[in-house]
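Below: the structure, in structure tokens.
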Amino acid sequence: MSEPTSLPDLPVTFRPGHTRVILLTAGVVIFLVISGIAMLLEQLGPGERLSFVVTGALIFWVLAQLARVKVVADESGVTVVNIASKRRLAWAEILRVNLRPGDPWVFLDLSDGTSLPALGIQPGVAKQRAIADARTLRALAEAHSASSALPPEPRS
């Protein structure tokens, strides 16, 4: 049996670092290339050039939205930031943290019977880091749900 790992100091943020760097770098390169082409093509008018630049900026914005995913754990719960949504969960709402083989990201099984994808932990580029992050989040969830299940201390 493996030794229990010590829990990190809170707050802690989990995000796919390599994927984030790739997406933001690609966004900058695409924006610069499209904008550069717009400036180099002499037959384009100002409106057409502007449409090239706006298209490049739109592509960058989409890639930046994909790169913003994260999971933030603090003393009171977890904030899951996905591509188009942000959700705050109390520790008691998280029943289980799952990262099964073949899963594209972590899934949180919630007390309301639903499952929430947490795109901030994904094994795509850095599989071992995602596994370690999922284990850490699972340990945090178990530790905080166990502490919230304890009866309150009697007052004198």
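The way I read the labels, and the way they are meant: chains A, B, ... in the order of the structure tokens, residue 1 as the first residue of every chain, and ligand 1 as the first ligand shown, with later ones counted on from there.
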Would you give me, as a Markdown table, each residue of region 35-82 of chain A having an atom within 8 Å of an atom of region 113-130 of chain A, along with its shortest atom pair and that distance in Å to one decimal, using only C-alpha atoms and sorting by chain and residue number?
```
| residue | atom | partner | partner_atom | distance |
| --- | --- | --- | --- | --- |
| A:Val69 | CA | A:Gly120 | CA | 4.9 |
| A:Lys70 | CA | A:Gly120 | CA | 3.8 |
| A:Val71 | CA | A:Gly120 | CA | 5.2 |
| A:Val80 | CA | A:Ala118 | CA | 6.1 |
| A:Val81 | CA | A:Gly120 | CA | 7.3 |
| A:Asn82 | CA | A:Leu119 | CA | 5.8 |
```
Residue list (strand (DSSP E or B), DSSP) for chain A, as a PyMOL selection string: chain A and resi 12-14+70-74+77-81+86-90+94-98+106-110+115-118
Who sits within 6 Å of Val78 (chain A), only C-alpha atoms, same chain under 3 positions skipped, as a list in words: Val72, Ala73, Arg88 and Leu89 of chain A
Selected residue of minimal separation from Ser111 (chain A) among A:Ala92, A:Leu50, A:Leu66, A:Val12, counting only C-alpha atoms: A:Ala92
Near-Ala139 (chain A) list (12 Å; only C-alpha atoms; drop same-chain fewer than 3 positions) as a ChimeraX atom specification: /A:4-8,73,91,94-98,132-136,142-146
Please produce an output containing N, CA, C and O atoms for each residue in the selection, written as a compact mmCIF listing (two decimals), in the first residue's frame.
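Just written: out.txt:
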```txt
# COMPACT_ATOMS: atom_id res chain seq x y z
N PRO A 4 0.30 7.68 2.41
CA PRO A 4 -0.54 8.82 2.09
C PRO A 4 0.32 10.06 1.87
O PRO A 4 1.27 10.30 2.59
N THR A 5 -0.01 10.79 0.84
CA THR A 5 0.76 11.99 0.54
C THR A 5 0.25 13.13 1.40
O THR A 5 -0.91 13.18 1.78
N SER A 6 1.16 14.04 1.73
CA SER A 6 0.74 15.19 2.53
C SER A 6 -0.08 16.13 1.63
O SER A 6 0.19 16.27 0.45
N LEU A 7 -1.05 16.75 2.23
CA LEU A 7 -1.93 17.64 1.48
C LEU A 7 -1.23 18.98 1.25
O LEU A 7 -0.53 19.47 2.13
N PRO A 8 -1.44 19.59 0.08
CA PRO A 8 -0.80 20.88 -0.18
C PRO A 8 -1.49 22.00 0.61
O PRO A 8 -2.62 21.86 1.07
N ALA A 73 -8.86 24.88 -5.50
CA ALA A 73 -9.32 24.34 -4.23
C ALA A 73 -8.87 25.28 -3.11
O ALA A 73 -7.72 25.69 -3.07
N TRP A 91 -17.08 21.60 -0.34
CA TRP A 91 -16.43 20.29 -0.25
C TRP A 91 -17.47 19.18 -0.06
O TRP A 91 -17.31 18.08 -0.61
N ILE A 94 -18.91 17.33 -3.17
CA ILE A 94 -18.07 16.44 -3.98
C ILE A 94 -18.01 15.07 -3.31
O ILE A 94 -17.44 14.92 -2.24
N LEU A 95 -18.61 14.08 -3.97
CA LEU A 95 -18.60 12.73 -3.43
C LEU A 95 -17.37 11.95 -3.87
O LEU A 95 -16.84 11.15 -3.11
N ARG A 96 -16.95 12.17 -5.12
CA ARG A 96 -15.83 11.38 -5.65
C ARG A 96 -15.15 12.17 -6.76
O ARG A 96 -15.78 12.91 -7.52
N VAL A 97 -13.83 11.99 -6.86
CA VAL A 97 -13.02 12.57 -7.93
C VAL A 97 -12.55 11.42 -8.80
O VAL A 97 -11.86 10.51 -8.31
N ASN A 98 -12.95 11.43 -10.08
CA ASN A 98 -12.65 10.30 -10.98
C ASN A 98 -11.75 10.73 -12.14
O ASN A 98 -12.02 11.74 -12.78
N ALA A 132 -1.33 12.75 -10.80
CA ALA A 132 -0.93 13.27 -9.48
C ALA A 132 -1.90 14.35 -9.00
O ALA A 132 -2.29 14.38 -7.83
N ASP A 133 -2.31 15.25 -9.91
CA ASP A 133 -3.26 16.30 -9.55
C ASP A 133 -4.61 15.71 -9.15
O ASP A 133 -5.24 16.17 -8.19
N ALA A 134 -5.06 14.70 -9.88
CA ALA A 134 -6.33 14.06 -9.55
C ALA A 134 -6.26 13.39 -8.18
O ALA A 134 -7.21 13.48 -7.39
N ARG A 135 -5.15 12.75 -7.89
CA ARG A 135 -4.98 12.12 -6.57
C ARG A 135 -4.97 13.17 -5.47
O ARG A 135 -5.56 12.96 -4.40
N THR A 136 -4.31 14.28 -5.72
CA THR A 136 -4.27 15.36 -4.72
C THR A 136 -5.65 15.92 -4.48
O THR A 136 -6.07 16.11 -3.33
N GLU A 142 -11.55 14.13 0.14
CA GLU A 142 -11.80 13.16 1.21
C GLU A 142 -11.49 13.76 2.58
O GLU A 142 -12.25 13.57 3.53
N ALA A 143 -10.41 14.51 2.69
CA ALA A 143 -10.03 15.12 3.97
C ALA A 143 -11.06 16.15 4.41
O ALA A 143 -11.44 16.19 5.59
N HIS A 144 -11.52 16.98 3.48
CA HIS A 144 -12.47 18.02 3.85
C HIS A 144 -13.88 17.47 4.08
O HIS A 144 -14.60 17.99 4.92
N SER A 145 -14.26 16.44 3.34
CA SER A 145 -15.59 15.88 3.58
C SER A 145 -15.60 15.11 4.89
O SER A 145 -16.60 15.09 5.60
N ALA A 146 -14.46 14.49 5.25
CA ALA A 146 -14.37 13.78 6.53
C ALA A 146 -14.41 14.77 7.68
O ALA A 146 -15.07 14.53 8.70
```
